[in-house]
Every structure is written in structure tokens, then in C-alpha cells.
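Visitor: Please find structure25.tsv (TSV, C-alpha atoms) on the next line:
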chain	number	residue	atom	x	y	z
A	1418	MET	CA	45.49	-82.87	-28.27
A	1419	ALA	CA	43.50	-79.84	-27.02
A	1420	ASP	CA	40.80	-82.27	-25.83
A	1421	GLN	CA	43.23	-83.66	-23.24
A	1422	LYS	CA	43.90	-80.25	-21.69
A	1423	THR	CA	43.37	-80.18	-17.93
A	1424	PHE	CA	43.23	-77.22	-15.60
A	1425	SER	CA	44.14	-77.56	-11.96
A	1426	PHE	CA	43.54	-74.89	-9.31
A	1427	ASN	CA	44.46	-75.02	-5.64
A	1428	VAL	CA	41.83	-72.67	-4.20
A	1429	GLN	CA	42.18	-71.18	-0.74
A	1430	LEU	CA	39.77	-68.26	-0.56
A	1431	THR	CA	40.74	-65.07	1.21
A	1432	VAL	CA	38.47	-62.66	3.06
A	1433	LYS	CA	38.76	-60.25	0.13
A	1434	GLU	CA	37.62	-62.87	-2.40
A	1435	LEU	CA	34.67	-63.91	-0.23
A	1436	TRP	CA	33.78	-60.23	0.22
A	1437	GLN	CA	33.90	-59.62	-3.55
A	1438	PHE	CA	31.60	-62.62	-4.06
A	1439	SER	CA	29.16	-61.27	-1.44
A	1440	LEU	CA	29.22	-57.79	-2.98
A	1441	TYR	CA	28.56	-59.27	-6.41
A	1442	HIS	CA	25.51	-61.10	-5.14
A	1443	SER	CA	24.18	-58.15	-3.16
A	1444	TYR	CA	24.50	-55.61	-5.93
A	1445	LYS	CA	23.63	-57.52	-9.10
A	1446	GLY	CA	20.31	-57.40	-10.87
A	1447	LEU	CA	17.22	-55.60	-9.62
A	1448	MET	CA	18.53	-55.33	-6.08
A	1449	GLY	CA	21.60	-53.47	-7.28
A	1450	ILE	CA	19.45	-51.09	-9.33
A	1451	PHE	CA	17.22	-50.49	-6.31
A	1452	ASN	CA	20.26	-49.79	-4.10
A	1453	VAL	CA	21.62	-47.22	-6.55
A	1454	LEU	CA	18.24	-45.50	-7.03
A	1455	PHE	CA	17.57	-45.45	-3.27
A	1456	THR	CA	20.99	-43.92	-2.59
A	1457	ILE	CA	20.58	-41.28	-5.31
A	1458	ALA	CA	17.08	-40.40	-4.08
A	1459	ALA	CA	18.23	-40.12	-0.46
A	1460	LEU	CA	21.20	-37.96	-1.48
A	1461	TYR	CA	18.91	-35.73	-3.58
A	1462	VAL	CA	16.45	-35.26	-0.69
A	1463	LEU	CA	19.33	-34.58	1.70
A	1464	ILE	CA	20.92	-31.93	-0.52
A	1465	MET	CA	17.69	-30.22	-1.61
A	1466	ASN	CA	16.19	-30.02	1.89
A	1467	TRP	CA	19.31	-29.59	4.04
A	1468	THR	CA	18.42	-26.15	5.39
A	1469	GLY	CA	14.83	-27.08	6.26
A	1470	MET	CA	15.62	-30.37	8.03
A	1471	THR	CA	15.93	-30.98	11.73
A	1472	VAL	CA	19.07	-32.62	13.08
A	1473	SER	CA	17.31	-35.98	13.46
A	1474	GLN	CA	16.05	-35.82	9.85
A	1475	LYS	CA	19.57	-35.01	8.63
A	1476	VAL	CA	21.01	-37.95	10.58
A	1477	LEU	CA	18.33	-40.28	9.20
A	1478	MET	CA	18.96	-39.13	5.61
A	1479	ILE	CA	22.74	-39.46	6.02
A	1480	LEU	CA	22.18	-43.02	7.25
A	1481	CYS	CA	20.00	-43.68	4.20
A	1482	VAL	CA	22.78	-42.42	1.90
A	1483	LEU	CA	25.37	-44.55	3.70
A	1484	MET	CA	23.16	-47.68	3.90
A	1485	PHE	CA	24.17	-49.26	0.57
A	1486	THR	CA	27.44	-47.41	0.00
A	1487	VAL	CA	29.22	-47.95	3.33
A	1488	ILE	CA	27.15	-49.85	5.91
A	1489	GLN	CA	26.11	-52.86	3.82
A	1490	PRO	CA	29.59	-53.40	2.27
A	1491	PHE	CA	31.10	-53.20	5.77
A	1492	MET	CA	28.58	-55.75	7.10
A	1493	LEU	CA	29.35	-58.03	4.15
A	1494	TYR	CA	33.06	-57.72	4.92
A	1495	LEU	CA	32.46	-58.78	8.52
A	1496	LYS	CA	30.41	-61.75	7.28
A	1497	ALA	CA	33.20	-62.71	4.84
A	1498	ALA	CA	35.75	-62.49	7.67
A	1499	ARG	CA	33.66	-64.90	9.77
A	1500	GLN	CA	33.12	-67.19	6.78
A	1501	SER	CA	36.84	-67.37	6.03
A	1502	LYS	CA	37.38	-69.02	9.42
A	1503	VAL	CA	34.92	-71.87	8.75
A	1504	PRO	CA	36.85	-75.13	8.15
A	1505	ALA	CA	35.06	-75.84	4.85
A	1506	VAL	CA	36.29	-72.49	3.50
A	1507	LYS	CA	39.61	-72.28	5.32
A	1508	GLU	CA	40.82	-75.69	4.08
A	1509	PRO	CA	42.41	-75.51	0.58
A	1510	MET	CA	40.43	-77.11	-2.21
A	1511	GLN	CA	41.91	-78.73	-5.30
A	1512	LEU	CA	39.78	-78.36	-8.43
A	1513	LEU	CA	40.71	-80.29	-11.56
A	1514	PHE	CA	38.83	-79.51	-14.77
A	1515	THR	CA	38.83	-81.80	-17.80
A	1516	LYS	CA	36.53	-82.03	-20.77
A	1517	GLU	CA	34.79	-84.99	-19.11
A	1518	ALA	CA	34.27	-83.77	-15.53
A	1519	ILE	CA	35.34	-81.64	-12.59
A	1520	SER	CA	37.21	-83.33	-9.74
A	1521	ILE	CA	37.03	-81.70	-6.32
A	1522	ALA	CA	39.33	-82.69	-3.46
A	1523	GLN	CA	39.38	-81.18	0.03
A	1524	ALA	CA	40.52	-82.47	3.41
A	1525	GLY	CA	40.98	-86.03	2.17
A	1526	GLN	CA	37.57	-86.20	0.51
A	1527	GLU	CA	37.06	-86.34	-3.23
A	1528	ALA	CA	34.11	-85.88	-5.54
A	1529	VAL	CA	33.67	-85.93	-9.29
A	1530	VAL	CA	31.05	-83.70	-10.85
A	1531	ALA	CA	29.92	-84.10	-14.45
A	1532	TRP	CA	29.56	-80.90	-16.46
A	1533	GLU	CA	25.84	-81.69	-16.74
A	1534	GLN	CA	25.57	-81.20	-12.97
A	1535	VAL	CA	26.92	-77.65	-13.11
A	1536	GLY	CA	23.97	-75.28	-12.83
A	1537	ARG	CA	25.71	-72.29	-14.41
A	1538	VAL	CA	29.01	-70.42	-14.52
A	1539	GLU	CA	29.24	-66.64	-14.17
A	1540	GLY	CA	32.28	-64.51	-14.77
A	1541	THR	CA	32.97	-61.37	-12.77
A	1542	PRO	CA	35.96	-59.02	-13.07
A	1543	PHE	CA	37.53	-60.87	-10.12
A	1544	MET	CA	36.55	-64.53	-10.43
A	1545	LEU	CA	34.59	-67.32	-12.08
A	1546	ILE	CA	31.69	-68.67	-10.06
A	1547	PHE	CA	30.58	-72.27	-10.64
A	1548	TYR	CA	27.04	-72.66	-9.27
A	1549	MET	CA	26.07	-76.23	-8.58
A	1550	ASP	CA	22.64	-75.21	-7.28
A	1551	ARG	CA	21.10	-72.18	-5.57
A	1552	VAL	CA	23.18	-72.70	-2.41
A	1553	HIS	CA	26.50	-74.26	-3.44
A	1554	ALA	CA	29.14	-72.61	-5.58
A	1555	TYR	CA	32.85	-72.91	-6.24
A	1556	LEU	CA	34.87	-69.74	-6.71
A	1557	ILE	CA	38.01	-69.52	-8.81
A	1558	PRO	CA	39.76	-66.18	-8.36
A	1559	LYS	CA	41.08	-64.66	-11.56
A	1560	SER	CA	44.54	-64.44	-9.99
A	1561	LEU	CA	44.76	-68.27	-9.92
A	1562	MET	CA	43.98	-68.66	-13.62
A	1563	GLY	CA	46.99	-66.67	-14.79
A	1564	ALA	CA	48.14	-67.37	-18.35
A	1565	GLN	CA	45.71	-70.26	-18.77
A	1566	GLU	CA	42.59	-68.10	-18.29
A	1567	VAL	CA	41.73	-67.84	-22.01
A	1568	GLU	CA	42.05	-71.61	-22.56
A	1569	PHE	CA	40.14	-72.36	-19.35
A	1570	ARG	CA	37.25	-70.11	-20.39
A	1571	ALA	CA	37.25	-71.85	-23.79
A	1572	LEU	CA	36.90	-75.22	-22.04
A	1573	ILE	CA	33.90	-73.94	-20.07
A	1574	ARG	CA	32.24	-72.66	-23.25
A	1575	GLU	CA	32.92	-76.01	-24.92
A	1576	CYS	CA	31.54	-78.12	-22.05
A	1577	LEU	CA	28.43	-76.10	-21.18
A	1578	PRO	CA	25.55	-74.93	-23.36
A	1579	LYS	CA	25.44	-71.17	-23.96
A	1580	ALA	CA	22.41	-70.76	-21.65
A	1581	ARG	CA	24.43	-72.03	-18.67
A	1582	TYR	CA	27.31	-69.59	-18.73
A	1583	LYS	CA	27.49	-65.81	-18.57
A	1584	ARG	CA	30.49	-63.53	-19.16
A	1585	VAL	CA	32.84	-66.50	-19.61
Give the structure from the file, written as C-alpha cells.
Guide:
Amino acid sequence: MADQKTFSFNVQLTVKELWQFSLYHSYKGLMGIFNVLFTIAALYVLIMNWTGMTVSQKVLMILCVLMFTVIQPFMLYLKAARQSKVPAVKEPMQLLFTKEAISIAQAGQEAVVAWEQVGRVEGTPFMLIFYMDRVHAYLIPKSLMGAQEVEFRALIRECLPKARYKRV
């Protein structure tokens, strides 16, 4: 009977969820490591050379320290706020997951996607991200999964090969 289990999520993404997705993409992998190292190096230079720096050098170094810790996250938040107003994001989306396929319905349109068409699924502390290709992804916030999260993750692991999911 477990094979007949279906999971349905009515997804209406908020600015916060879009922002978390953008932050995840901006700070994962080599780019995230570079951002951390750059910030640490700029902070080190700023602290070690504070007394010998001119005002313009101090301002420049402070901007370097703030670049990836304050400025970029703020810019990503503004982008997420704009994105949340786009009809394709603003309109609620109904996602239905079964062992056979994923059904997607939004604004009167429906599509069925076979599990073989899912590029990969990544789990973050806040959501599951279903990548269809390099550009298109479906986000399921952790808050929507509730008590069925463990079973839902088990379905994903069952339907996709290990190489196509991460932290699920």
C-alpha cells in the first residue's frame, strides 16, 4: 500500500523563500568558499592596517568586508521581492507526487513530469529544490511538508537514482 502514497503540496512562494533559494545558490560551492575567504582577508587587512590607512582606503576595505556579508544578501532580497511579484511565481502551484510521476498545475494549466525528467533534487535546511534543468526548478518549502516530510523524502530516494539527489 506504500506504493500508492501520494504527496500534494500547494506552493505559493514568499519573498523569504525566494531569498533563501537565491542565497543558497550564491553561497554554495566554490563561490561560497571564495566569498568567505575574500571577506576574511579584507577584514584582516582592515584590522591590521587600520592606523596606516587613509580614509578612502578604510572606506574601500569596509565595503569589501560588507560586500558578501551585507550588500549581496540585500541585493538578493530586492531581486527576490521583484521576483515574487511575477505572475508565474505569484500564482499558487499545485504539485502532486506519486511513484509514477509529478503532476504540476498552475493557473489552469497542467503538466505531468516523469521522474526520469527530473535533473536532480537538493535538500537545504529550508526547502527541497527539484531541478528540471539548469534554469527551471520547483521549490518545496520545508514548512509545507510537515509530518509527511520523512515519507516524502523516502519517495524521492525510491524514485531517483542516488546520483540525482543530494541531502534528501
Visitor: Between A:Arg1584, A:Phe1485, A:Arg1570, A:Phe1543, single out the one closest to A:Phe1451, counting only C-alpha atoms.
Guide: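 Looking at the shortest contact to A:Phe1451, the residue is A:Phe1485.
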Visitor: Nearest residue to A:Lys1433 out of A:Tyr1555, A:Phe1569, A:Tyr1548, A:Tyr1494, using all atoms listed in the file?
Guide: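 Smallest separation from A:Lys1433 among the options: A:Tyr1494.
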Visitor: Is it possible to get the axis-aligned box enclosing stretch 1542-1550 of chain A (all listed atoms, 6 Å extra per side) as AutoDock Vina command-line options, with centre and edge lengths in Å rounded to one decimal?
Guide:
--center_x 30.1 --center_y -67.6 --center_z -10.2 --size_x 26.9 --size_y 29.2 --size_z 17.8
Visitor: Counting only C-alpha atoms, figure out which residue out of A:Glu1508, A:Ser1560, A:Ile1521, A:Trp1436 gets nearest to A:Gln1489.
Guide: A:Trp1436
Visitor: Mind checking which residues fall within 9 Å of A:Trp1532, counting all atoms listed in the file, ignoring those fewer than 6 positions away in the same chain, and posting them as a ChimeraX atom specification?
Guide: /A:1516-1519,1573,1576-1577
Visitor: If we count all atoms listed in the file, what is near A:Glu1566 at a cut-off of 12 Å, once residues fewer than 5 positions away on the same chain are taken out, given as a list in words?
Guide: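 Those residues are Phe1424, Ser1425, Phe1426, Gly1540, Met1544, Leu1545, Ile1557, Pro1558, Lys1559, Ser1560, Leu1561, Ala1571, Leu1572, Ile1573 and Val1585 of chain A.
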Visitor: Residues of the last selection are to be written out with C-alpha atoms, as a PDB file, keeping the file's coordinate frame.
Guide:
ATOM      1  CA  PHE A1424      43.230 -77.220 -15.600  1.00  0.00           C
ATOM      2  CA  SER A1425      44.140 -77.560 -11.960  1.00  0.00           C
ATOM      3  CA  PHE A1426      43.540 -74.890  -9.310  1.00  0.00           C
ATOM      4  CA  GLY A1540      32.280 -64.510 -14.770  1.00  0.00           C
ATOM      5  CA  MET A1544      36.550 -64.530 -10.430  1.00  0.00           C
ATOM      6  CA  LEU A1545      34.590 -67.320 -12.080  1.00  0.00           C
ATOM      7  CA  ILE A1557      38.010 -69.520  -8.810  1.00  0.00           C
ATOM      8  CA  PRO A1558      39.760 -66.180  -8.360  1.00  0.00           C
ATOM      9  CA  LYS A1559      41.080 -64.660 -11.560  1.00  0.00           C
ATOM     10  CA  SER A1560      44.540 -64.440  -9.990  1.00  0.00           C
ATOM     11  CA  LEU A1561      44.760 -68.270  -9.920  1.00  0.00           C
ATOM     12  CA  ALA A1571      37.250 -71.850 -23.790  1.00  0.00           C
ATOM     13  CA  LEU A1572      36.900 -75.220 -22.040  1.00  0.00           C
ATOM     14  CA  ILE A1573      33.900 -73.940 -20.070  1.00  0.00           C
ATOM     15  CA  VAL A1585      32.840 -66.500 -19.610  1.00  0.00           C
TER      16      VAL A1585
END
Visitor: Give me, please, the distance in Å between atom CA of A:Leu1463 and atom CA of A:Thr1486, quoted to one decimal.
Guide: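 Atom CA of A:Thr1486 lies at a distance of 15.3 Å from atom CA of A:Leu1463.
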Visitor: Residues proximal to (44.3, -64.7, 2.6) were defined as those with any atom within 12 Å of that point in the file's coordinates, counting only C-alpha atoms. Which are they, as a list in words?
Guide: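 Here the neighbourhood of the point contains Val1428, Gln1429, Leu1430, Thr1431, Val1432, Lys1433, Glu1434, Leu1435, Trp1436, Ala1497, Ala1498, Ser1501, Lys1502, Val1506, Lys1507, Glu1508, Pro1509 and Pro1558 of chain A.
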Visitor: Using only C-alpha atoms, which residue out of A:Ala1505, A:Met1549, A:Val1538, A:Leu1556 lies closest to A:Ala1524?
Guide: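 Of all the options, A:Ala1505 lies closest to A:Ala1524.
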Visitor: Using all atoms listed in the file, pick whichever of A:Ala1580, A:Cys1481, A:Ala1564, A:Ala1522 has the shortest atom-to-atom distance to A:Glu1539.
Guide: A:Ala1580
Visitor: What does the structure give for the distance between atom CA of A:Phe1455 and atom CA of A:Lys1475, in Å to one decimal?
Guide: 16.0 Å
Visitor: For a test of reading the model, state the distance in Å between atom CA of A:Gly1525 and atom CA of A:His1553, rounded to one decimal.
Guide: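 Separation of atom CA of A:Gly1525 and atom CA of A:His1553: 19.5 Å.
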Visitor: Ranking A:Arg1537, A:Pro1542, A:Val1552, A:Met1562 by minimum distance to A:Arg1574 and counting only C-alpha atoms, which one comes first?
Guide: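 Closest residue, counting only C-alpha atoms: A:Arg1537.
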